[in-house]
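Colleague: Attaching a single structure in structure tokens format; questions to follow.
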Amino acid sequence: MKARELSVAGVVEFTPEVYRDQRGSFVSPFEESTFTQAVGHKFFPVAQMSHSRSRRGTLRGIHYTRTPPGMAKYVYCLSGRALDIVVDLRLGSPTFGRCDTSELGGDSCRAVYVPAGVGHAFVALQDDTLMSYLMSGGYDPGRELALAALDPALALPVPRGLPLLLSDRDRAAPTLAEARSRGDLPGYRASIEAMEALCG
């Protein structure tokens, strides 16, 4: 498995080796030793695993969790293809406001580690794109937050010419400036401490 640090501090992309033969393929989207070496701490305790299936053009996000307690995610694509997007929302972070992308797909089973305080979104590039999430916390509607993925201030690299499908919640989500004025953005130090508390 290969690891690559993205331009958002603390976010790492993992590309596993895929073994193929006449029967099909075998792949391990997660390897603890590679994760620990690349990230610098052990994997977070998994509290919930979820899947989403999306039509082509579906834009989910930007989603994040109020910190503390924050939430870490390990995201990969089981089938289909998606443009995965991370955004640094941590006030005081050296990469605050920066975004980066990875192309995830069922052929590669590439994965992205998203630490607490970093926003996550993706655009499904094919029908029946199946995304899987390992998460450090369960769903709590009082702590779940969203930002407008189409906020010009963020300038996310959403593919042009693709008819986008958004939920009502994501369409009505505040801009980065609005979230900041409301006090909804996490602090960098609080996010680091949240990960230390999770991973020991």
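Identifiers in the structure tokens: chain A, B, ... in order shown; residue index from 1 per chain; ligand index from 1 in order shown.
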Wanna dump the range 44-79 of chain A-range 6-18 of chain A contacts at 10 Å for me, each residue with its shortest atom pair and the distance in Å to one decimal, counting only C-alpha atoms, ordered by chain and number, as a tab-separated table?
Modeller:
```
residue	atom	partner	partner_atom	distance
A:Tyr74	CA	A:Glu13	CA	9.6
A:Val75	CA	A:Glu13	CA	9.6
A:Tyr76	CA	A:Phe14	CA	9.3
```
Colleague: Taking the chain letters and numbering used in this document, name the residues of range 48-188 of chain A that DSSP puts in strand (DSSP E), as JSON, numbers by chain.
Modeller: {"A": [48, 49, 50, 51, 52, 53, 54, 59, 60, 61, 62, 63, 64, 65, 73, 74, 75, 76, 77, 78, 79, 81, 82, 83, 84, 85, 86, 87, 88, 99, 100, 101, 102, 103, 104, 105, 111, 112, 113, 114, 118, 119, 120, 121, 122, 123, 124, 129, 130, 131, 132, 133, 134, 135, 144, 145, 146]}
Colleague: Can you work out which one of A:Tyr64, A:Phe26, A:Phe35, A:Phe44 has the shortest atom-to-atom distance to Arg143 in chain A, counting only C-alpha atoms?
Modeller: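 Between A:Tyr64, A:Phe26, A:Phe35, A:Phe44, the residue approaching Arg143 in chain A most closely is A:Tyr64.
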Colleague: Considering only C-alpha atoms, give me a table of residues in range 111-181 of chain A that are at most 7 Å from range 91-105 of chain A, with the closest atom pair and distance in Å for each, as CSV.
Modeller:
```
residue,atom,partner,partner_atom,distance
A:Ala111,CA,A:Leu104,CA,7.0
A:Leu154,CA,A:Gly97,CA,6.9
A:Leu156,CA,A:Cys99,CA,6.9
```
Colleague: The selected residues should be written to file as a PDB file, in the first residue's frame (atoms: C-alpha atoms).
Modeller:
```
ATOM      1  CA  ALA A 111      -8.890   5.605   0.427  1.00  0.00           C
ATOM      2  CA  LEU A 154     -13.719  27.999  -1.423  1.00  0.00           C
ATOM      3  CA  LEU A 156     -13.757  23.734  -4.942  1.00  0.00           C
TER       4      LEU A 156
END
```
Colleague: Please provide as a VMD selection string all residues within 8 Å of Thr129 in chain A, with the sequence filter that same-chain residues fewer than 3 positions apart are discarded (counting only C-alpha atoms).
Modeller: chain A and resid 52 to 56 77 to 82 124 to 126
Colleague: Please identify the helix (DSSP H, G or I) residues within range 96-186 of chain A (assignment by DSSP from backbone atoms) and present them as a list in words.
Modeller: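 So the helix (DSSP H, G or I) residues in range 96-186 of chain A would be Asp168, Arg169, Asp170, Arg171, Leu176, Ala177, Glu178, Ala179, Arg180, Ser181 and Arg182 of chain A.
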Colleague: Grab the residues selected above and save them as a PDB file, in the first residue's frame with N, CA, C and O atoms.
Modeller:
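Final output, saved to out-v5.pdb:
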```pdb
ATOM      1  N   ASP A 168     -31.445  19.034   0.069  1.00  0.00           N
ATOM      2  CA  ASP A 168     -31.928  20.336   0.531  1.00  0.00           C
ATOM      3  C   ASP A 168     -30.995  20.907   1.591  1.00  0.00           C
ATOM      4  O   ASP A 168     -30.723  22.106   1.610  1.00  0.00           O
ATOM      5  N   ARG A 169     -30.510  20.035   2.468  1.00  0.00           N
ATOM      6  CA  ARG A 169     -29.596  20.488   3.529  1.00  0.00           C
ATOM      7  C   ARG A 169     -28.316  21.074   2.951  1.00  0.00           C
ATOM      8  O   ARG A 169     -27.866  22.143   3.365  1.00  0.00           O
ATOM      9  N   ASP A 170     -27.727  20.380   1.975  1.00  0.00           N
ATOM     10  CA  ASP A 170     -26.481  20.876   1.397  1.00  0.00           C
ATOM     11  C   ASP A 170     -26.708  22.138   0.569  1.00  0.00           C
ATOM     12  O   ASP A 170     -25.863  23.029   0.531  1.00  0.00           O
ATOM     13  N   ARG A 171     -27.854  22.225  -0.099  1.00  0.00           N
ATOM     14  CA  ARG A 171     -28.143  23.419  -0.908  1.00  0.00           C
ATOM     15  C   ARG A 171     -28.317  24.660  -0.030  1.00  0.00           C
ATOM     16  O   ARG A 171     -27.988  25.767  -0.436  1.00  0.00           O
ATOM     17  N   LEU A 176     -18.509  29.676   3.960  1.00  0.00           N
ATOM     18  CA  LEU A 176     -17.412  29.653   4.921  1.00  0.00           C
ATOM     19  C   LEU A 176     -17.455  30.888   5.815  1.00  0.00           C
ATOM     20  O   LEU A 176     -17.301  30.791   7.038  1.00  0.00           O
ATOM     21  N   ALA A 177     -17.682  32.063   5.220  1.00  0.00           N
ATOM     22  CA  ALA A 177     -17.731  33.308   6.001  1.00  0.00           C
ATOM     23  C   ALA A 177     -18.884  33.293   6.993  1.00  0.00           C
ATOM     24  O   ALA A 177     -18.736  33.739   8.143  1.00  0.00           O
ATOM     25  N   GLU A 178     -20.038  32.775   6.571  1.00  0.00           N
ATOM     26  CA  GLU A 178     -21.193  32.714   7.472  1.00  0.00           C
ATOM     27  C   GLU A 178     -20.930  31.749   8.627  1.00  0.00           C
ATOM     28  O   GLU A 178     -21.253  32.061   9.786  1.00  0.00           O
ATOM     29  N   ALA A 179     -20.351  30.611   8.332  1.00  0.00           N
ATOM     30  CA  ALA A 179     -20.045  29.647   9.392  1.00  0.00           C
ATOM     31  C   ALA A 179     -19.033  30.220  10.372  1.00  0.00           C
ATOM     32  O   ALA A 179     -19.136  30.006  11.589  1.00  0.00           O
ATOM     33  N   ARG A 180     -18.075  30.955   9.846  1.00  0.00           N
ATOM     34  CA  ARG A 180     -17.068  31.567  10.725  1.00  0.00           C
ATOM     35  C   ARG A 180     -17.705  32.609  11.632  1.00  0.00           C
ATOM     36  O   ARG A 180     -17.407  32.667  12.838  1.00  0.00           O
ATOM     37  N   SER A 181     -18.600  33.418  11.094  1.00  0.00           N
ATOM     38  CA  SER A 181     -19.247  34.455  11.905  1.00  0.00           C
ATOM     39  C   SER A 181     -20.166  33.857  12.963  1.00  0.00           C
ATOM     40  O   SER A 181     -20.388  34.452  14.016  1.00  0.00           O
ATOM     41  N   ARG A 182     -20.686  32.661  12.717  1.00  0.00           N
ATOM     42  CA  ARG A 182     -21.546  31.978  13.679  1.00  0.00           C
ATOM     43  C   ARG A 182     -20.741  31.245  14.763  1.00  0.00           C
ATOM     44  O   ARG A 182     -21.313  30.716  15.713  1.00  0.00           O
TER      45      ARG A 182
END
```
Colleague: Go ahead and compute the interatomic distance for CA of Arg160 in chain A and CA of Cys109 in chain A, in Å to one decimal.
Modeller: 24.6 Å
Colleague: Would you list the contacts of Met49 in chain A as a list of chain:residue names, taking every protein, DNA or RNA residue within 12 Å and counting only C-alpha atoms, but skipping same-chain residues closer than 3 positions in sequence?
Modeller: A:Pro45, A:Val46, A:Ser52, A:Ala72, A:Lys73, A:Tyr74, A:Val75, A:Tyr76, A:Met131, A:Ser132, A:Tyr133, A:Leu134, A:Met135, A:Ser136, A:Gly137, A:Gly138, A:Tyr139
Colleague: Could you write out that same residue set with N, CA and C atoms as a PDB file, in the first residue's frame?
Modeller:
```
ATOM      1  N   PRO A  45     -10.579   4.346  16.979  1.00  0.00           N
ATOM      2  CA  PRO A  45     -11.603   3.319  17.237  1.00  0.00           C
ATOM      3  C   PRO A  45     -12.826   3.580  16.355  1.00  0.00           C
ATOM      4  N   VAL A  46     -13.268   2.578  15.652  1.00  0.00           N
ATOM      5  CA  VAL A  46     -14.404   2.731  14.733  1.00  0.00           C
ATOM      6  C   VAL A  46     -15.704   2.570  15.507  1.00  0.00           C
ATOM      7  N   SER A  52     -22.877   5.002   1.185  1.00  0.00           N
ATOM      8  CA  SER A  52     -23.816   5.813   0.409  1.00  0.00           C
ATOM      9  C   SER A  52     -23.729   5.385  -1.043  1.00  0.00           C
ATOM     10  N   ALA A  72     -13.305  11.619  13.054  1.00  0.00           N
ATOM     11  CA  ALA A  72     -12.366  11.216  12.014  1.00  0.00           C
ATOM     12  C   ALA A  72     -13.066  10.238  11.081  1.00  0.00           C
ATOM     13  N   LYS A  73     -12.642  10.241   9.799  1.00  0.00           N
ATOM     14  CA  LYS A  73     -13.239   9.352   8.805  1.00  0.00           C
ATOM     15  C   LYS A  73     -12.143   8.697   7.967  1.00  0.00           C
ATOM     16  N   TYR A  74     -12.452   7.512   7.502  1.00  0.00           N
ATOM     17  CA  TYR A  74     -11.624   6.809   6.522  1.00  0.00           C
ATOM     18  C   TYR A  74     -12.580   6.419   5.406  1.00  0.00           C
ATOM     19  N   VAL A  75     -12.391   7.012   4.239  1.00  0.00           N
ATOM     20  CA  VAL A  75     -13.377   6.951   3.160  1.00  0.00           C
ATOM     21  C   VAL A  75     -12.785   6.237   1.954  1.00  0.00           C
ATOM     22  N   TYR A  76     -13.540   5.322   1.360  1.00  0.00           N
ATOM     23  CA  TYR A  76     -13.096   4.695   0.120  1.00  0.00           C
ATOM     24  C   TYR A  76     -14.305   4.334  -0.739  1.00  0.00           C
ATOM     25  N   MET A 131     -19.859   4.575  -1.879  1.00  0.00           N
ATOM     26  CA  MET A 131     -18.814   5.047  -0.981  1.00  0.00           C
ATOM     27  C   MET A 131     -19.000   4.415   0.391  1.00  0.00           C
ATOM     28  N   SER A 132     -17.870   4.093   1.023  1.00  0.00           N
ATOM     29  CA  SER A 132     -17.886   3.493   2.353  1.00  0.00           C
ATOM     30  C   SER A 132     -17.118   4.390   3.313  1.00  0.00           C
ATOM     31  N   TYR A 133     -17.619   4.504   4.537  1.00  0.00           N
ATOM     32  CA  TYR A 133     -17.034   5.381   5.541  1.00  0.00           C
ATOM     33  C   TYR A 133     -16.830   4.602   6.840  1.00  0.00           C
ATOM     34  N   LEU A 134     -15.614   4.613   7.363  1.00  0.00           N
ATOM     35  CA  LEU A 134     -15.362   4.198   8.729  1.00  0.00           C
ATOM     36  C   LEU A 134     -15.258   5.471   9.552  1.00  0.00           C
ATOM     37  N   MET A 135     -16.009   5.567  10.652  1.00  0.00           N
ATOM     38  CA  MET A 135     -16.084   6.815  11.407  1.00  0.00           C
ATOM     39  C   MET A 135     -15.826   6.593  12.890  1.00  0.00           C
ATOM     40  N   SER A 136     -15.257   7.599  13.511  1.00  0.00           N
ATOM     41  CA  SER A 136     -14.908   7.492  14.927  1.00  0.00           C
ATOM     42  C   SER A 136     -16.082   7.791  15.842  1.00  0.00           C
ATOM     43  N   GLY A 137     -17.198   8.241  15.289  1.00  0.00           N
ATOM     44  CA  GLY A 137     -18.375   8.542  16.095  1.00  0.00           C
ATOM     45  C   GLY A 137     -19.640   8.194  15.353  1.00  0.00           C
ATOM     46  N   GLY A 138     -20.733   8.062  16.097  1.00  0.00           N
ATOM     47  CA  GLY A 138     -22.033   7.819  15.490  1.00  0.00           C
ATOM     48  C   GLY A 138     -22.704   9.119  15.093  1.00  0.00           C
ATOM     49  N   TYR A 139     -23.769   9.002  14.347  1.00  0.00           N
ATOM     50  CA  TYR A 139     -24.498  10.181  13.876  1.00  0.00           C
ATOM     51  C   TYR A 139     -25.192  10.878  15.040  1.00  0.00           C
TER      52      TYR A 139
END
```
Colleague: Select, from A:Arg20, A:Arg90, A:Arg4, A:Arg60, the residue with the minimum atom-to-atom distance to Gly183 in chain A, counting only C-alpha atoms.
Modeller: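 Checking each of A:Arg20, A:Arg90, A:Arg4, A:Arg60 against Gly183 in chain A, counting only C-alpha atoms, the winner is A:Arg90.
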Colleague: Of the candidates A:Ser167, A:Ser191, A:Gln48, A:Thr58, which shows the shortest atom-to-atom distance to Gly119 in chain A, using only C-alpha atoms?
Modeller: A:Ser191
Colleague: Please compute the CA of Tyr188 in chain A-CA of His63 in chain A distance, one decimal, in Å.
Modeller: 16.8 Å
Colleague: Which residues, written as a list of chain:residue names, have at least one atom at most 8 Å from Glu32 in chain A, with only C-alpha atoms counted and residues fewer than 2 positions away on the same chain left out?
Modeller: A:Phe30, A:Thr34, A:Phe35, A:Thr36, A:Lys42, A:Phe43
Colleague: Quick check, in Å to one decimal: how far apart do CA of Gln37 in chain A and CA of Val118 in chain A lie?
Modeller: 20.5 Å
